[in-house]
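Report on one structure; see the data block that follows.
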Amino acid sequence: MSVERGRASTAGGVVAAIETSCDETAVAVMDGPMRLLASRVWSQVASHAPYGGVVPEMASRQHGEVLPGLVRETLADAGVDLQQIDAVAATMGPGLPTALLVGAAYGKGLALGLKRPFIGVNHMEGHLLSPFFGSPSVPAHVAMVVSGGHTLLVDVRGVGDYQILGTTLDDAAGEAFDKVAKLLGLGYPGGVEIDRMARDGDAARFDFPRSMLHSGDLDFSFSGLKTAVRVLLEKTPNAGVADVCASFQEAAVDVLVGKTLIAARQTGHKLIALSGGVSSNRRLQAVLNERAANDGLELRIASPELRTDNAAMIAYVAALYYVIGRRSKMDEDVEPTFQRRKFEQITQMERHSC
Ligand code: KG4
Ligand code: ZN
């Protein structure tokens, strides 16, 4: 991250942000959108791994246990004491309801106690803007957000000005990786394992479907691809794991890249940004990089520590909003499901000081 670290100058407004939407408890402190002071992520992934997925009740209990200490430690890293905080931010959704409640309640409590404004942040907006982390503004571009829970292709005109061009009709991209990994008996989270196994595999061995690549719209569907892998494994139990991983990955990447390039052509944007957990996939990065360059497009990828869930991306969005004076109402509730229309109208949403 090419962001200046150091002690708070309070020039841009010190924002403390909390992220508890899924199985990472995270806290970050920024001094304006250009200056990260500290960021800590406490991953619960090892506790959920034996269950092959996130156990919501366990996630929220751990958030509650870890959060107070993590806030103290992150503020100490930042060299900021409580009174130096100008605003408190927290992820309001999408995510697991009870997990979101822990961070949102803590954030609001802290804001009320300190008599500072509260800024509720949409988790997907955090991922969406993460490739521009540390910039004072965000240029117009096409964004591909590929996470464990969501797949979004977005026309970004500026901060808070978004139009969703396409989304998944069933499984999210990361979910497809995780489910296929489970079928293959690989570990959780499966995306990383598939990426690793695919390196030694033959991507042309199995011709898996490129669902909706030529559907004429910009939506995605990954459940057919997952089913094709399942059917293959039922018929051919000894199909090499590496070849299955590579062929599955190639099909998923083909569709993700194909649609992103169509979106760039349709919008006329010359810049593409890639974010979310799946953006770490090496084949996705390589293919998108090559094909974007062929089309004369620039590509920005979120830096590694910002791809999976973290609070720095939440602090960044909040810091951008703090600068332009936008605040959330204290009675704003968490929103576990992704609300497409609301996301597209973030700029128009009424925001008040507390
Ligand atoms: O963005 P993220 O941390 O969580 C959500 O907010 O959903 O993304 C996690 C997802 C998981 O599905 C994981 O399997 C996937 O990102 N992932 C990958 C890779 N690294 C993480 N998928 C494919 N290739 C990777 N290298
Ligand atoms: Zn996420």
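Ordering of the structure tokens sets the chain letters (A, B, ...), residue numbers begin anew at 1 in every chain, and ligands are numbered from 1 in the order given.
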As a PDB file with N, CA, C and O atoms, in the first residue's frame, please: the residues near Gly53 of chain A (cut-off 9 Å, only C-alpha atoms, same-chain neighbours under 3 positions excluded).
ATOM      1  N   VAL A  45     -10.894 -17.539  10.614  1.00  0.00           N
ATOM      2  CA  VAL A  45     -11.019 -18.602   9.614  1.00  0.00           C
ATOM      3  C   VAL A  45     -10.662 -19.985  10.166  1.00  0.00           C
ATOM      4  O   VAL A  45     -11.337 -20.971   9.859  1.00  0.00           O
ATOM      5  N   HIS A  48     -13.568 -21.637  12.007  1.00  0.00           N
ATOM      6  CA  HIS A  48     -14.703 -22.082  11.191  1.00  0.00           C
ATOM      7  C   HIS A  48     -14.325 -23.216  10.236  1.00  0.00           C
ATOM      8  O   HIS A  48     -15.202 -23.934   9.761  1.00  0.00           O
ATOM      9  N   ALA A  49     -13.018 -23.342   9.963  1.00  0.00           N
ATOM     10  CA  ALA A  49     -12.545 -24.316   8.959  1.00  0.00           C
ATOM     11  C   ALA A  49     -13.084 -25.742   9.176  1.00  0.00           C
ATOM     12  O   ALA A  49     -13.520 -26.376   8.221  1.00  0.00           O
ATOM     13  N   PRO A  50     -13.118 -26.247  10.429  1.00  0.00           N
ATOM     14  CA  PRO A  50     -13.613 -27.624  10.607  1.00  0.00           C
ATOM     15  C   PRO A  50     -15.058 -27.813  10.161  1.00  0.00           C
ATOM     16  O   PRO A  50     -15.483 -28.933   9.890  1.00  0.00           O
ATOM     17  N   TYR A 188     -10.918 -25.300   3.224  1.00  0.00           N
ATOM     18  CA  TYR A 188     -11.707 -24.068   3.216  1.00  0.00           C
ATOM     19  C   TYR A 188     -10.826 -22.914   3.689  1.00  0.00           C
ATOM     20  O   TYR A 188     -10.046 -23.106   4.629  1.00  0.00           O
ATOM     21  N   PRO A 189     -10.890 -21.690   3.112  1.00  0.00           N
ATOM     22  CA  PRO A 189     -11.680 -21.328   1.929  1.00  0.00           C
ATOM     23  C   PRO A 189     -11.050 -21.875   0.653  1.00  0.00           C
ATOM     24  O   PRO A 189      -9.834 -21.844   0.482  1.00  0.00           O
TER      25      PRO A 189
END
When you look at Leu96 of chain A with a cut-off of 8 Å (counting only C-alpha atoms), what residues show up, excluding the ones that are within fewer than 2 positions of it in the same chain? I need them as a VMD selection string. chain A and resid 21 to 22 56 93 to 94 98 to 100 336
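Closest approach to Val253 of chain A from the set A:Ala87, A:Leu213, A:Ala59, A:Ala302 is made by A:Leu213, with distances taken over only C-alpha atoms.
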Could you list the protein, DNA and RNA residues that have any atom within 7 Å of ligand 1, counting only C-alpha atoms and all ligand atoms, and write them as a PDB file with N, CA, C and O atoms, in the first residue's frame?
ATOM      1  N   VAL A 146     -15.349  -9.244  -6.986  1.00  0.00           N
ATOM      2  CA  VAL A 146     -15.567 -10.688  -6.897  1.00  0.00           C
ATOM      3  C   VAL A 146     -15.192 -11.170  -5.496  1.00  0.00           C
ATOM      4  O   VAL A 146     -14.030 -11.315  -5.172  1.00  0.00           O
ATOM      5  N   SER A 147     -16.219 -11.381  -4.674  1.00  0.00           N
ATOM      6  CA  SER A 147     -15.948 -11.803  -3.293  1.00  0.00           C
ATOM      7  C   SER A 147     -16.627 -13.136  -3.028  1.00  0.00           C
ATOM      8  O   SER A 147     -17.179 -13.766  -3.933  1.00  0.00           O
ATOM      9  N   GLY A 148     -16.569 -13.557  -1.763  1.00  0.00           N
ATOM     10  CA  GLY A 148     -17.185 -14.827  -1.410  1.00  0.00           C
ATOM     11  C   GLY A 148     -18.702 -14.761  -1.493  1.00  0.00           C
ATOM     12  O   GLY A 148     -19.364 -15.755  -1.787  1.00  0.00           O
ATOM     13  N   GLY A 149     -19.262 -13.593  -1.251  1.00  0.00           N
ATOM     14  CA  GLY A 149     -20.712 -13.471  -1.220  1.00  0.00           C
ATOM     15  C   GLY A 149     -21.333 -12.761  -2.410  1.00  0.00           C
ATOM     16  O   GLY A 149     -22.539 -12.847  -2.620  1.00  0.00           O
ATOM     17  N   HIS A 150     -20.521 -12.031  -3.175  1.00  0.00           N
ATOM     18  CA  HIS A 150     -21.088 -11.210  -4.246  1.00  0.00           C
ATOM     19  C   HIS A 150     -20.220 -11.175  -5.499  1.00  0.00           C
ATOM     20  O   HIS A 150     -19.004 -11.351  -5.415  1.00  0.00           O
ATOM     21  N   GLY A 174     -16.743 -16.343  -5.713  1.00  0.00           N
ATOM     22  CA  GLY A 174     -15.979 -16.986  -4.640  1.00  0.00           C
ATOM     23  C   GLY A 174     -16.699 -18.210  -4.102  1.00  0.00           C
ATOM     24  O   GLY A 174     -16.072 -19.220  -3.762  1.00  0.00           O
ATOM     25  N   GLU A 175     -18.024 -18.103  -4.039  1.00  0.00           N
ATOM     26  CA  GLU A 175     -18.846 -19.222  -3.570  1.00  0.00           C
ATOM     27  C   GLU A 175     -18.662 -20.429  -4.506  1.00  0.00           C
ATOM     28  O   GLU A 175     -18.570 -21.575  -4.054  1.00  0.00           O
ATOM     29  N   PHE A 177     -16.008 -21.105  -6.349  1.00  0.00           N
ATOM     30  CA  PHE A 177     -14.680 -21.658  -6.047  1.00  0.00           C
ATOM     31  C   PHE A 177     -14.747 -22.511  -4.777  1.00  0.00           C
ATOM     32  O   PHE A 177     -14.211 -23.612  -4.719  1.00  0.00           O
ATOM     33  N   ASP A 178     -15.412 -21.981  -3.749  1.00  0.00           N
ATOM     34  CA  ASP A 178     -15.483 -22.691  -2.463  1.00  0.00           C
ATOM     35  C   ASP A 178     -16.262 -24.007  -2.587  1.00  0.00           C
ATOM     36  O   ASP A 178     -15.875 -25.024  -2.017  1.00  0.00           O
ATOM     37  N   PRO A 189     -10.890 -21.690   3.112  1.00  0.00           N
ATOM     38  CA  PRO A 189     -11.680 -21.328   1.929  1.00  0.00           C
ATOM     39  C   PRO A 189     -11.050 -21.875   0.653  1.00  0.00           C
ATOM     40  O   PRO A 189      -9.834 -21.844   0.482  1.00  0.00           O
ATOM     41  N   GLY A 190     -11.904 -22.373  -0.222  1.00  0.00           N
ATOM     42  CA  GLY A 190     -11.443 -23.179  -1.337  1.00  0.00           C
ATOM     43  C   GLY A 190     -10.767 -22.444  -2.480  1.00  0.00           C
ATOM     44  O   GLY A 190      -9.998 -23.049  -3.233  1.00  0.00           O
ATOM     45  N   GLY A 191     -11.053 -21.146  -2.638  1.00  0.00           N
ATOM     46  CA  GLY A 191     -10.489 -20.404  -3.769  1.00  0.00           C
ATOM     47  C   GLY A 191      -8.971 -20.474  -3.810  1.00  0.00           C
ATOM     48  O   GLY A 191      -8.376 -20.704  -4.867  1.00  0.00           O
ATOM     49  N   VAL A 192      -8.380 -20.311  -2.658  1.00  0.00           N
ATOM     50  CA  VAL A 192      -6.911 -20.327  -2.565  1.00  0.00           C
ATOM     51  C   VAL A 192      -6.373 -21.695  -2.977  1.00  0.00           C
ATOM     52  O   VAL A 192      -5.375 -21.803  -3.701  1.00  0.00           O
ATOM     53  N   ILE A 194      -7.848 -23.975  -4.933  1.00  0.00           N
ATOM     54  CA  ILE A 194      -8.048 -24.216  -6.374  1.00  0.00           C
ATOM     55  C   ILE A 194      -6.970 -23.490  -7.168  1.00  0.00           C
ATOM     56  O   ILE A 194      -6.363 -24.050  -8.083  1.00  0.00           O
ATOM     57  N   ASP A 195      -6.713 -22.252  -6.802  1.00  0.00           N
ATOM     58  CA  ASP A 195      -5.669 -21.449  -7.453  1.00  0.00           C
ATOM     59  C   ASP A 195      -4.334 -22.204  -7.392  1.00  0.00           C
ATOM     60  O   ASP A 195      -3.614 -22.331  -8.384  1.00  0.00           O
ATOM     61  N   GLY A 276     -12.018  -7.579  -4.199  1.00  0.00           N
ATOM     62  CA  GLY A 276     -12.681  -8.708  -3.535  1.00  0.00           C
ATOM     63  C   GLY A 276     -11.739  -9.900  -3.429  1.00  0.00           C
ATOM     64  O   GLY A 276     -10.702  -9.940  -4.102  1.00  0.00           O
ATOM     65  N   GLY A 277     -12.106 -10.863  -2.605  1.00  0.00           N
ATOM     66  CA  GLY A 277     -11.236 -12.002  -2.321  1.00  0.00           C
ATOM     67  C   GLY A 277     -10.745 -12.746  -3.561  1.00  0.00           C
ATOM     68  O   GLY A 277      -9.581 -13.132  -3.654  1.00  0.00           O
ATOM     69  N   VAL A 278     -11.645 -12.931  -4.542  1.00  0.00           N
ATOM     70  CA  VAL A 278     -11.283 -13.696  -5.740  1.00  0.00           C
ATOM     71  C   VAL A 278     -10.290 -12.930  -6.632  1.00  0.00           C
ATOM     72  O   VAL A 278      -9.641 -13.524  -7.494  1.00  0.00           O
ATOM     73  N   SER A 279     -10.155 -11.625  -6.396  1.00  0.00           N
ATOM     74  CA  SER A 279      -9.197 -10.846  -7.215  1.00  0.00           C
ATOM     75  C   SER A 279      -7.763 -11.282  -6.947  1.00  0.00           C
ATOM     76  O   SER A 279      -6.854 -10.918  -7.673  1.00  0.00           O
ATOM     77  N   SER A 280      -7.544 -12.095  -5.910  1.00  0.00           N
ATOM     78  CA  SER A 280      -6.206 -12.655  -5.668  1.00  0.00           C
ATOM     79  C   SER A 280      -5.897 -13.800  -6.621  1.00  0.00           C
ATOM     80  O   SER A 280      -4.759 -14.251  -6.684  1.00  0.00           O
ATOM     81  N   ASN A 281      -6.906 -14.286  -7.328  1.00  0.00           N
ATOM     82  CA  ASN A 281      -6.687 -15.423  -8.220  1.00  0.00           C
ATOM     83  C   ASN A 281      -5.692 -15.067  -9.324  1.00  0.00           C
ATOM     84  O   ASN A 281      -5.894 -14.122 -10.085  1.00  0.00           O
ATOM     85  N   ARG A 282      -4.620 -15.854  -9.399  1.00  0.00           N
ATOM     86  CA  ARG A 282      -3.540 -15.501 -10.332  1.00  0.00           C
ATOM     87  C   ARG A 282      -3.947 -15.605 -11.788  1.00  0.00           C
ATOM     88  O   ARG A 282      -3.536 -14.817 -12.620  1.00  0.00           O
ATOM     89  N   ARG A 307      -7.703  -7.099  -0.385  1.00  0.00           N
ATOM     90  CA  ARG A 307      -8.605  -7.931  -1.197  1.00  0.00           C
ATOM     91  C   ARG A 307      -9.586  -8.709  -0.333  1.00  0.00           C
ATOM     92  O   ARG A 307     -10.769  -8.763  -0.636  1.00  0.00           O
ATOM     93  N   THR A 308      -9.097  -9.328   0.720  1.00  0.00           N
ATOM     94  CA  THR A 308     -10.020 -10.025   1.617  1.00  0.00           C
ATOM     95  C   THR A 308     -10.519  -9.013   2.654  1.00  0.00           C
ATOM     96  O   THR A 308     -10.050  -7.872   2.693  1.00  0.00           O
ATOM     97  N   ASP A 309     -11.460  -9.446   3.483  1.00  0.00           N
ATOM     98  CA  ASP A 309     -12.119  -8.485   4.370  1.00  0.00           C
ATOM     99  C   ASP A 309     -11.147  -7.797   5.319  1.00  0.00           C
ATOM    100  O   ASP A 309     -10.275  -8.426   5.903  1.00  0.00           O
TER     101      ASP A 309
END
Run DSSP on the backbone and grab whatever in segment 272-325 of chain A lands in strand (DSSP E); send it over as a list in words.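 The strand (DSSP E) residues within segment 272-325 of chain A come out as Ile272, Ala273, Leu274, Ser275, Glu298, Leu299, Arg300 and Ile301 of chain A.
Remark: for ligand 2, the closest of the candidate residues A:Gly126, A:Gly216, A:Pro117, A:Gly32 is A:Gly126 (distances computed over only C-alpha atoms and all ligand atoms).
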